[in-house]
Every structure is written in C-alpha cells, then in structure tokens.
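Colleague: What follows is work-v5.tsv; its format and atoms are TSV, C-alpha atoms and all ligand atoms.
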```
chain	number	residue	atom	x	y	z
A	1	GLU	CA	-12.67	7.82	27.10
A	2	ASP	CA	-9.19	9.02	26.34
A	3	VAL	CA	-7.94	11.12	23.48
A	4	GLU	CA	-5.62	8.81	21.56
A	5	GLU	CA	-3.32	9.02	18.55
A	6	THR	CA	-3.10	6.50	15.75
A	7	TYR	CA	-0.75	6.02	12.82
A	8	ILE	CA	-2.60	5.49	9.55
A	9	MET	CA	-0.69	4.76	6.36
A	10	ILE	CA	-1.95	4.49	2.81
A	11	LYS	CA	0.16	1.70	1.36
A	12	PRO	CA	1.77	1.79	-2.12
A	13	ASP	CA	-1.22	0.12	-3.78
A	14	GLY	CA	-3.57	2.78	-2.39
A	15	VAL	CA	-1.32	5.55	-3.72
A	16	GLN	CA	-0.87	3.88	-7.14
A	17	ARG	CA	-4.61	3.29	-7.46
A	18	GLY	CA	-5.47	6.94	-6.76
A	19	LEU	CA	-7.31	6.22	-3.50
A	20	VAL	CA	-5.52	8.82	-1.35
A	21	GLY	CA	-8.35	11.39	-1.34
A	22	GLU	CA	-11.05	8.77	-0.77
A	23	ILE	CA	-9.23	7.28	2.23
A	24	ILE	CA	-8.38	10.61	3.87
A	25	THR	CA	-11.99	11.70	3.38
A	26	ARG	CA	-13.30	8.76	5.41
A	27	PHE	CA	-11.25	9.76	8.47
A	28	GLU	CA	-12.02	13.46	8.03
A	29	LYS	CA	-15.77	12.90	7.71
A	30	LYS	CA	-15.83	10.73	10.81
A	31	GLY	CA	-14.54	13.77	12.71
A	32	PHE	CA	-11.03	12.77	13.69
A	33	LYS	CA	-8.29	15.38	13.79
A	34	LEU	CA	-5.44	15.16	11.28
A	35	THR	CA	-2.17	16.04	13.01
A	36	GLY	CA	0.41	14.72	10.55
A	37	LEU	CA	0.49	14.08	6.79
A	38	LYS	CA	3.18	13.37	4.20
A	39	LEU	CA	3.98	11.41	1.04
A	40	PHE	CA	7.04	9.32	1.70
A	41	GLN	CA	9.25	6.69	0.09
A	42	CYS	CA	9.94	4.30	2.93
A	43	PRO	CA	13.48	2.92	3.38
A	44	THR	CA	13.79	-0.84	3.98
A	45	GLU	CA	15.12	-0.44	7.54
A	46	LEU	CA	12.09	1.63	8.57
A	47	ALA	CA	9.65	-0.90	7.09
A	48	GLN	CA	11.46	-3.66	9.01
A	49	GLU	CA	11.29	-1.69	12.25
A	50	HIS	CA	7.61	-0.89	11.73
A	51	TYR	CA	6.71	-4.54	11.18
A	52	LYS	CA	9.29	-6.02	13.58
A	53	ASP	CA	6.63	-8.09	15.39
A	54	LEU	CA	6.09	-10.01	12.14
A	55	GLN	CA	9.82	-10.59	11.52
A	56	SER	CA	9.59	-14.36	11.90
A	57	LYS	CA	6.60	-14.77	9.58
A	58	PRO	CA	7.23	-16.41	6.22
A	59	PHE	CA	5.51	-13.53	4.41
A	60	PHE	CA	7.79	-10.92	6.06
A	61	PRO	CA	10.15	-10.40	3.06
A	62	LYS	CA	7.19	-9.94	0.72
A	63	LEU	CA	5.58	-7.52	3.13
A	64	ILE	CA	8.76	-5.40	3.27
A	65	ASN	CA	9.10	-5.44	-0.55
A	66	TYR	CA	5.52	-4.32	-0.92
A	67	ILE	CA	5.68	-1.49	1.62
A	68	THR	CA	8.88	-0.13	0.03
A	69	SER	CA	7.71	-0.61	-3.58
A	70	GLY	CA	6.45	2.98	-3.98
A	71	PRO	CA	5.47	6.04	-1.97
A	72	VAL	CA	3.14	5.74	0.99
A	73	VAL	CA	1.02	8.41	2.67
A	74	CYS	CA	1.84	8.72	6.38
A	75	MET	CA	-0.81	10.16	8.67
A	76	ALA	CA	-1.28	10.84	12.35
A	77	TRP	CA	-4.89	11.13	13.53
A	78	GLU	CA	-6.12	12.11	16.97
A	79	GLY	CA	-9.42	11.62	18.77
A	80	VAL	CA	-11.35	9.90	21.50
A	81	GLY	CA	-11.10	6.15	20.90
A	82	VAL	CA	-9.45	6.77	17.53
A	83	VAL	CA	-7.33	3.59	17.57
A	84	ALA	CA	-10.18	1.08	17.69
A	85	SER	CA	-12.47	3.29	15.63
A	86	ALA	CA	-9.90	3.56	12.83
A	87	ARG	CA	-9.45	-0.22	12.83
A	88	LYS	CA	-13.22	-0.54	12.34
A	89	LEU	CA	-13.18	1.95	9.48
A	90	ILE	CA	-10.30	0.00	7.90
A	91	GLY	CA	-11.83	-3.49	8.23
A	92	ALA	CA	-10.36	-7.00	8.45
A	93	THR	CA	-6.72	-7.65	7.48
A	94	ASN	CA	-7.69	-9.91	4.60
A	95	PRO	CA	-9.80	-7.79	2.20
A	96	LEU	CA	-11.77	-10.92	1.38
A	97	ASN	CA	-13.11	-10.92	4.95
A	98	ALA	CA	-13.55	-7.16	5.26
A	99	GLU	CA	-17.17	-5.99	5.55
A	100	PRO	CA	-18.70	-3.67	2.97
A	101	GLY	CA	-18.56	-0.12	4.29
A	102	THR	CA	-14.99	-0.54	5.48
A	103	ILE	CA	-12.03	0.78	3.49
A	104	ARG	CA	-10.68	-2.69	2.75
A	105	GLY	CA	-14.19	-4.06	2.20
A	106	ASP	CA	-15.02	-1.36	-0.34
A	107	LEU	CA	-11.66	-0.73	-2.01
A	108	ALA	CA	-9.60	-3.92	-1.94
A	109	VAL	CA	-9.85	-7.48	-3.22
A	110	GLN	CA	-8.08	-10.69	-2.47
A	111	THR	CA	-4.94	-10.63	-4.58
A	112	GLY	CA	-3.19	-13.53	-6.17
A	113	SER	CA	-4.06	-17.19	-6.36
A	114	ASN	CA	-0.70	-18.64	-5.37
A	115	TYR	CA	-0.38	-19.96	-1.90
A	116	THR	CA	2.23	-21.69	0.19
A	117	VAL	CA	1.91	-23.41	3.52
A	118	ASP	CA	4.27	-22.15	6.16
A	119	SER	CA	6.33	-24.58	8.23
A	120	GLN	CA	4.54	-23.96	11.54
A	121	ASP	CA	0.90	-23.87	10.65
A	122	SER	CA	-0.80	-21.32	8.64
A	123	MET	CA	-2.09	-20.92	5.19
A	124	LEU	CA	-0.30	-18.26	3.28
A	125	ILE	CA	-2.55	-16.92	0.67
A	126	PRO	CA	-1.06	-13.55	-0.23
A	127	PHE	CA	-3.28	-10.76	1.01
A	128	GLY	CA	-0.72	-8.07	1.52
A	129	ARG	CA	-2.38	-5.59	-0.82
A	130	ASN	CA	-4.89	-4.27	1.63
A	131	VAL	CA	-4.47	-0.54	0.90
A	132	VAL	CA	-4.05	0.87	4.39
A	133	HIS	CA	-2.41	0.36	7.78
A	134	GLY	CA	-3.77	1.35	11.20
A	135	SER	CA	-2.11	0.99	14.62
A	136	ASP	CA	-3.52	-1.80	16.76
A	137	SER	CA	-3.17	-0.15	20.22
A	138	PRO	CA	-2.68	3.34	21.68
A	139	GLU	CA	0.89	2.36	22.65
A	140	ASN	CA	1.66	1.31	19.09
A	141	GLY	CA	-0.02	4.48	17.83
A	142	LYS	CA	2.52	6.55	19.75
A	143	ARG	CA	5.40	4.26	18.82
A	144	GLU	CA	4.58	4.34	15.11
A	145	ILE	CA	3.99	8.11	14.94
A	146	ALA	CA	7.40	8.61	16.58
A	147	LEU	CA	8.91	6.18	14.08
A	148	TRP	CA	7.45	7.70	10.90
A	149	PHE	CA	7.42	11.43	11.75
A	150	LYS	CA	10.30	13.70	12.66
A	151	GLN	CA	10.15	16.29	15.40
A	152	GLY	CA	8.04	19.22	14.22
A	153	GLU	CA	6.11	17.26	11.57
A	154	VAL	CA	3.13	16.61	13.84
A	155	CYS	CA	0.95	19.69	14.48
A	156	GLN	CA	-1.17	20.49	17.50
A	157	TRP	CA	-4.16	22.58	16.41
A	158	THR	CA	-7.83	23.15	17.13
A	159	PRO	CA	-10.18	22.47	14.23
A	160	ALA	CA	-12.96	25.06	13.84
A	161	GLN	CA	-15.53	22.25	13.85
A	162	GLU	CA	-14.56	20.98	17.28
A	163	PRO	CA	-17.52	22.45	19.25
A	164	TRP	CA	-19.84	20.89	16.65
A	165	LEU	CA	-18.36	17.42	17.15
A	166	THR	CA	-18.24	17.08	20.90
A	167	GLU	CA	-20.36	18.45	23.74
A	201	LIG	P1	-3.21	-5.44	10.02
A	201	LIG	O1	-2.60	-4.72	8.85
A	201	LIG	O2	-4.69	-5.66	9.81
A	201	LIG	O3	-2.88	-4.78	11.36
A	201	LIG	P2	-1.17	-7.41	10.72
A	201	LIG	O4	-0.55	-6.33	11.54
A	201	LIG	O5	-1.45	-8.72	11.37
A	201	LIG	O6	-2.56	-6.90	10.05
A	201	LIG	O7	-0.26	-7.70	9.45
A	201	LIG	C1	0.41	-6.66	8.80
A	201	LIG	C2	0.33	-6.87	7.30
A	201	LIG	O8	0.99	-8.08	6.94
A	201	LIG	C3	-1.10	-7.03	6.79
A	201	LIG	O9	-1.71	-5.80	6.52
A	201	LIG	C4	-0.92	-7.89	5.58
A	201	LIG	C5	0.27	-8.75	5.91
A	201	LIG	N1	-0.15	-10.07	6.41
A	201	LIG	C6	-0.61	-10.36	7.65
A	201	LIG	N2	-0.89	-11.66	7.79
A	201	LIG	C7	-0.59	-12.23	6.59
A	201	LIG	C8	-0.66	-13.57	6.06
A	201	LIG	N3	-1.06	-14.60	6.81
A	201	LIG	N4	-0.28	-13.75	4.77
A	201	LIG	C9	0.14	-12.71	4.01
A	201	LIG	N5	0.24	-11.45	4.43
A	201	LIG	C10	-0.13	-11.20	5.70
A	202	MG	MG	-1.02	-4.54	12.34
```
Written as structure tokens, how would this file's structure read?

Modeller:
Amino acid sequence: EDVEETYIMIKPDGVQRGLVGEIITRFEKKGFKLTGLKLFQCPTELAQEHYKDLQSKPFFPKLINYITSGPVVCMAWEGVGVVASARKLIGATNPLNAEPGTIRGDLAVQTGSNYTVDSQDSMLIPFGRNVVHGSDSPENGKREIALWFKQGEVCQWTPAQEPWLTE
C-alpha cells in the first residue's frame, strides 16, 4: 500500500471542549506521522473553499458559521493507508451513528432537536458538531493540506519509532 497524507482538523467544538490532546493522542498512538500542526482562526473564504462540494446543501451556511466560530487545530498526518484508517478512527459523520471506540462515537453527541426538511429530499437534523474532520480520499488529502498549510509549514522527518512500527 501507498504512503498517503491526510488533513485532519479539530473543529471549534473540539477545541472549546478541551479535546485537543485526546484527539491528537489517538492518531499518535496508532503510529501515524504528524507532519503539520497549528492552531488557526479560519477565514470564511477558506471554510467555503474547503467545503465547496457541499456549497448547494441547505446546511452549508450553518456549516461555515460553525467552522469559523472559533479556532481550529489543523493537522497533516502521513502513513500507509492513513486516509481510510483516519476515517475509521473518526467514525460516522453523524455522532449518533458513530461506533464506540471512534472519536465521534466516544466524544460527540447528537446536537440540537430542531430539524428542517430540505427542498430536494433529505432530513436536516443538525449534526454539525462532530468534533473533527478527516479527508475522504488521498487526492483530497493533498488538496486540503495545500489549502490549509503554507509552504514550509509541513515538515518531512523520520520519527525514532519508525523501525518499531514497520518491518
Ligand atoms: P464528514 O465530515 O464525515 O466527511 P461530509 O464531508 O459529508 O462529512 O460533511 C461535512 C460536514 O458537514 C459534516 O462533518 C457535518 C456537516 N453535515 C454533513 N451532512 C449534514 C447534514 N445532512 N445535516 C447537517 N450537517 C451536515
Ligand atoms: Mg467530508
């Protein structure tokens, strides 16, 4: 399998709730390599670019408000199969459906009881407060790291534990 990169972001609720250490620890313990890390107040335009695929969704404005409502922790992680593996560690989008043992399953709840029905189809129970983001493909991993980090903010390095993690 290929060495991949993924963009992981602790959302404003995770920062406000003091979950930064806990979340970083889960990726560190698994054995992935941290290559980028910063606390950052996200401008609206960047949030819109990051979530541009969801632009047409009725919850888009709320999503942008939420992501820009306080500082986030931006991270780049590297490893074999890291994109899919990180998504498993994170768990299902809606914390209500996320399995115990996952970040969202252990650390987040369904938020809010208001719902609206969107014009096309779907239910819109708010479940934006799901603590963490993870890229959904290796291509998006690269795209998002380039979007959130400036040149020189991502480090290439060899962790001392590397020979103990892989044969
Ligand atoms: P994920 O964050 O699991 O990759 P996504 O990329 O489909 O999920 O959506 C991005 C964020 O948008 C998600 O973390 C929470 C919010 N969101 C997604 N679908 C939603 C919905 N139907 N109602 C409210 N918020 C939603
Ligand atoms: Mg996504």

Colleague: Using only C-alpha atoms, find the one residue out of A:Lys88, A:Lys57, A:Lys11, A:His50 that sits nearest to Met75 in chain A.

Modeller: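 When distances to Met75 in chain A are compared using only C-alpha atoms, the smallest one comes from A:Lys11.
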
Colleague: Given a cut-off of 10 Å, what residues near ligand MG 202 (chain A) show up using all atoms listed in the file, put as a PDB file with C-alpha atoms, in the coordinates of the input?

Modeller:
```pdb
ATOM      1  CA  HIS A  50       7.610  -0.890  11.730  1.00  0.00           C
ATOM      2  CA  TYR A  51       6.710  -4.540  11.180  1.00  0.00           C
ATOM      3  CA  ASP A  53       6.630  -8.090  15.390  1.00  0.00           C
ATOM      4  CA  LEU A  54       6.090 -10.010  12.140  1.00  0.00           C
ATOM      5  CA  ARG A  87      -9.450  -0.220  12.830  1.00  0.00           C
ATOM      6  CA  THR A  93      -6.720  -7.650   7.480  1.00  0.00           C
ATOM      7  CA  HIS A 133      -2.410   0.360   7.780  1.00  0.00           C
ATOM      8  CA  GLY A 134      -3.770   1.350  11.200  1.00  0.00           C
ATOM      9  CA  SER A 135      -2.110   0.990  14.620  1.00  0.00           C
ATOM     10  CA  ASP A 136      -3.520  -1.800  16.760  1.00  0.00           C
ATOM     11  CA  SER A 137      -3.170  -0.150  20.220  1.00  0.00           C
ATOM     12  CA  ASN A 140       1.660   1.310  19.090  1.00  0.00           C
TER      13      ASN A 140
END
```

Colleague: A:Trp77, A:Phe59, A:Phe40, A:Phe27: which is nearest Ile145 in chain A, counting all atoms listed in the file?

Modeller: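 Nearest to Ile145 in chain A: A:Trp77.
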
Colleague: Using all atoms listed in the file, which protein or nucleic acid residues come within 12 Å of Asn97 in chain A? Drop anything in the same chain fewer than 4 positions from it, and give the result as JSON, numbers by chain.

Modeller: {"A": [90, 91, 92, 93, 102, 103, 104, 105, 106, 108, 109, 110, 127, 130]}

Colleague: May I ask which of the residues A:Ser69, A:Gln55, A:Thr44, A:Ser85 is the closest one to Pro138 in chain A, counting all atoms listed in the file?

Modeller: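 Comparing A:Ser69, A:Gln55, A:Thr44, A:Ser85 against Pro138 in chain A, the winner is A:Ser85.
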
Colleague: Which neighbours of Cys74 in chain A fall inside 8 Å, counting all atoms listed in the file, when residues of the same chain fewer than 3 positions from it are skipped, and could you give them as a PDB file with C-alpha atoms, keeping the file's coordinate frame?

Modeller:
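As written to disk, around27.pdb reads:
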```
ATOM      1  CA  TYR A   7      -0.750   6.020  12.820  1.00  0.00           C
ATOM      2  CA  ILE A   8      -2.600   5.490   9.550  1.00  0.00           C
ATOM      3  CA  MET A   9      -0.690   4.760   6.360  1.00  0.00           C
ATOM      4  CA  ILE A  10      -1.950   4.490   2.810  1.00  0.00           C
ATOM      5  CA  GLY A  36       0.410  14.720  10.550  1.00  0.00           C
ATOM      6  CA  LEU A  37       0.490  14.080   6.790  1.00  0.00           C
ATOM      7  CA  LYS A  38       3.180  13.370   4.200  1.00  0.00           C
ATOM      8  CA  LEU A  39       3.980  11.410   1.040  1.00  0.00           C
ATOM      9  CA  PHE A  40       7.040   9.320   1.700  1.00  0.00           C
ATOM     10  CA  TRP A 148       7.450   7.700  10.900  1.00  0.00           C
TER      11      TRP A 148
END
```

Colleague: Of the candidates A:Lys142, A:Arg129, A:Leu34, A:Ala160, which shows the shortest atom-to-atom distance to Leu63 in chain A, using all atoms listed in the file?

Modeller: A:Arg129

Colleague: Find, counting all atoms listed in the file, the residue in A:Glu139, A:Asp13, A:Glu1, A:Glu28 that gets nearest to Gln161 in chain A.

Modeller: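 Going through A:Glu139, A:Asp13, A:Glu1, A:Glu28 one by one, the smallest distance to Gln161 in chain A is for A:Glu28.
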
Colleague: Between A:Gly152, A:Gly21, A:Pro71, A:Pro58, which is the closest to Thr35 in chain A once you count only C-alpha atoms?

Modeller: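 Closest candidate: A:Gly152.
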
Colleague: Quick one: pull the distance between CA of Cys155 in chain A and CA of Gln41 in chain A, Å, one decimal.

Modeller: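 Interatomic distance, CA of Cys155 in chain A to CA of Gln41 in chain A: 21.1 Å.
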
Colleague: Mind giving me the straight-line distance from CA of Asn65 in chain A to CA of Pro43 in chain A in Å, one decimal?

Modeller: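 So the answer is 10.2 Å.
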
Colleague: Between CA of Glu4 in chain A and CA of Glu78 in chain A, what is the spacing in Å?

Modeller: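 CA of Glu78 in chain A sits 5.7 Å away from CA of Glu4 in chain A.
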
Colleague: May I ask you to restore N, CA and C atoms in range 40-67 of chain A and write the result as a PDB file, in the coordinates of the input?

Modeller:
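Okay, this is what ended up in part.pdb:
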```pdb
ATOM      1  N   PHE A  40       5.728   9.749   1.235  1.00  0.00           N
ATOM      2  CA  PHE A  40       7.040   9.320   1.700  1.00  0.00           C
ATOM      3  C   PHE A  40       7.462   8.007   1.048  1.00  0.00           C
ATOM      4  N   GLN A  41       8.697   7.946   0.577  1.00  0.00           N
ATOM      5  CA  GLN A  41       9.250   6.690   0.090  1.00  0.00           C
ATOM      6  C   GLN A  41       9.993   6.028   1.246  1.00  0.00           C
ATOM      7  N   CYS A  42       9.468   4.932   1.698  1.00  0.00           N
ATOM      8  CA  CYS A  42       9.940   4.300   2.930  1.00  0.00           C
ATOM      9  C   CYS A  42      11.220   3.480   2.711  1.00  0.00           C
ATOM     10  N   PRO A  43      12.290   3.759   3.468  1.00  0.00           N
ATOM     11  CA  PRO A  43      13.480   2.920   3.380  1.00  0.00           C
ATOM     12  C   PRO A  43      13.237   1.534   4.008  1.00  0.00           C
ATOM     13  N   THR A  44      13.962   0.545   3.518  1.00  0.00           N
ATOM     14  CA  THR A  44      13.790  -0.840   3.980  1.00  0.00           C
ATOM     15  C   THR A  44      13.904  -0.980   5.498  1.00  0.00           C
ATOM     16  N   GLU A  45      14.889  -0.292   6.095  1.00  0.00           N
ATOM     17  CA  GLU A  45      15.120  -0.440   7.540  1.00  0.00           C
ATOM     18  C   GLU A  45      13.903   0.038   8.344  1.00  0.00           C
ATOM     19  N   LEU A  46      13.273   1.103   7.863  1.00  0.00           N
ATOM     20  CA  LEU A  46      12.090   1.630   8.570  1.00  0.00           C
ATOM     21  C   LEU A  46      10.919   0.651   8.461  1.00  0.00           C
ATOM     22  N   ALA A  47      10.731   0.085   7.278  1.00  0.00           N
ATOM     23  CA  ALA A  47       9.650  -0.900   7.090  1.00  0.00           C
ATOM     24  C   ALA A  47       9.877  -2.093   8.030  1.00  0.00           C
ATOM     25  N   GLN A  48      11.125  -2.521   8.143  1.00  0.00           N
ATOM     26  CA  GLN A  48      11.460  -3.660   9.010  1.00  0.00           C
ATOM     27  C   GLN A  48      11.189  -3.339  10.471  1.00  0.00           C
ATOM     28  N   GLU A  49      11.531  -2.118  10.869  1.00  0.00           N
ATOM     29  CA  GLU A  49      11.290  -1.690  12.250  1.00  0.00           C
ATOM     30  C   GLU A  49       9.782  -1.607  12.529  1.00  0.00           C
ATOM     31  N   HIS A  50       9.060  -1.034  11.577  1.00  0.00           N
ATOM     32  CA  HIS A  50       7.610  -0.890  11.730  1.00  0.00           C
ATOM     33  C   HIS A  50       6.925  -2.236  11.930  1.00  0.00           C
ATOM     34  N   TYR A  51       7.344  -3.221  11.142  1.00  0.00           N
ATOM     35  CA  TYR A  51       6.710  -4.540  11.180  1.00  0.00           C
ATOM     36  C   TYR A  51       7.538  -5.564  11.956  1.00  0.00           C
ATOM     37  N   LYS A  52       8.355  -5.094  12.923  1.00  0.00           N
ATOM     38  CA  LYS A  52       9.290  -6.020  13.580  1.00  0.00           C
ATOM     39  C   LYS A  52       8.601  -7.192  14.290  1.00  0.00           C
ATOM     40  N   ASP A  53       7.365  -6.990  14.744  1.00  0.00           N
ATOM     41  CA  ASP A  53       6.630  -8.090  15.390  1.00  0.00           C
ATOM     42  C   ASP A  53       6.336  -9.244  14.431  1.00  0.00           C
ATOM     43  N   LEU A  54       6.412  -8.977  13.134  1.00  0.00           N
ATOM     44  CA  LEU A  54       6.090 -10.010  12.140  1.00  0.00           C
ATOM     45  C   LEU A  54       7.341 -10.604  11.488  1.00  0.00           C
ATOM     46  N   GLN A  55       8.500 -10.178  12.017  1.00  0.00           N
ATOM     47  CA  GLN A  55       9.820 -10.590  11.520  1.00  0.00           C
ATOM     48  C   GLN A  55       9.956 -12.075  11.184  1.00  0.00           C
ATOM     49  N   SER A  56       9.398 -12.913  12.047  1.00  0.00           N
ATOM     50  CA  SER A  56       9.590 -14.360  11.900  1.00  0.00           C
ATOM     51  C   SER A  56       8.576 -14.985  10.942  1.00  0.00           C
ATOM     52  N   LYS A  57       7.624 -14.214  10.462  1.00  0.00           N
ATOM     53  CA  LYS A  57       6.600 -14.770   9.580  1.00  0.00           C
ATOM     54  C   LYS A  57       7.164 -15.030   8.194  1.00  0.00           C
ATOM     55  N   PRO A  58       6.711 -16.091   7.560  1.00  0.00           N
ATOM     56  CA  PRO A  58       7.230 -16.410   6.220  1.00  0.00           C
ATOM     57  C   PRO A  58       6.908 -15.340   5.174  1.00  0.00           C
ATOM     58  N   PHE A  59       5.865 -14.567   5.386  1.00  0.00           N
ATOM     59  CA  PHE A  59       5.510 -13.530   4.410  1.00  0.00           C
ATOM     60  C   PHE A  59       6.252 -12.210   4.659  1.00  0.00           C
ATOM     61  N   PHE A  60       7.114 -12.167   5.691  1.00  0.00           N
ATOM     62  CA  PHE A  60       7.790 -10.920   6.060  1.00  0.00           C
ATOM     63  C   PHE A  60       8.568 -10.274   4.891  1.00  0.00           C
ATOM     64  N   PRO A  61       9.405 -11.030   4.166  1.00  0.00           N
ATOM     65  CA  PRO A  61      10.150 -10.400   3.060  1.00  0.00           C
ATOM     66  C   PRO A  61       9.230  -9.779   2.003  1.00  0.00           C
ATOM     67  N   LYS A  62       8.142 -10.481   1.695  1.00  0.00           N
ATOM     68  CA  LYS A  62       7.190  -9.940   0.720  1.00  0.00           C
ATOM     69  C   LYS A  62       6.523  -8.674   1.228  1.00  0.00           C
ATOM     70  N   LEU A  63       6.212  -8.690   2.503  1.00  0.00           N
ATOM     71  CA  LEU A  63       5.580  -7.520   3.130  1.00  0.00           C
ATOM     72  C   LEU A  63       6.510  -6.301   3.036  1.00  0.00           C
ATOM     73  N   ILE A  64       7.786  -6.509   3.311  1.00  0.00           N
ATOM     74  CA  ILE A  64       8.760  -5.400   3.270  1.00  0.00           C
ATOM     75  C   ILE A  64       8.933  -4.903   1.817  1.00  0.00           C
ATOM     76  N   ASN A  65       9.001  -5.841   0.877  1.00  0.00           N
ATOM     77  CA  ASN A  65       9.100  -5.440  -0.550  1.00  0.00           C
ATOM     78  C   ASN A  65       7.912  -4.594  -0.973  1.00  0.00           C
ATOM     79  N   TYR A  66       6.764  -5.020  -0.560  1.00  0.00           N
ATOM     80  CA  TYR A  66       5.520  -4.320  -0.920  1.00  0.00           C
ATOM     81  C   TYR A  66       5.487  -2.918  -0.326  1.00  0.00           C
ATOM     82  N   ILE A  67       5.778  -2.793   0.942  1.00  0.00           N
ATOM     83  CA  ILE A  67       5.680  -1.490   1.620  1.00  0.00           C
ATOM     84  C   ILE A  67       6.711  -0.489   1.061  1.00  0.00           C
TER      85      ILE A  67
END
```
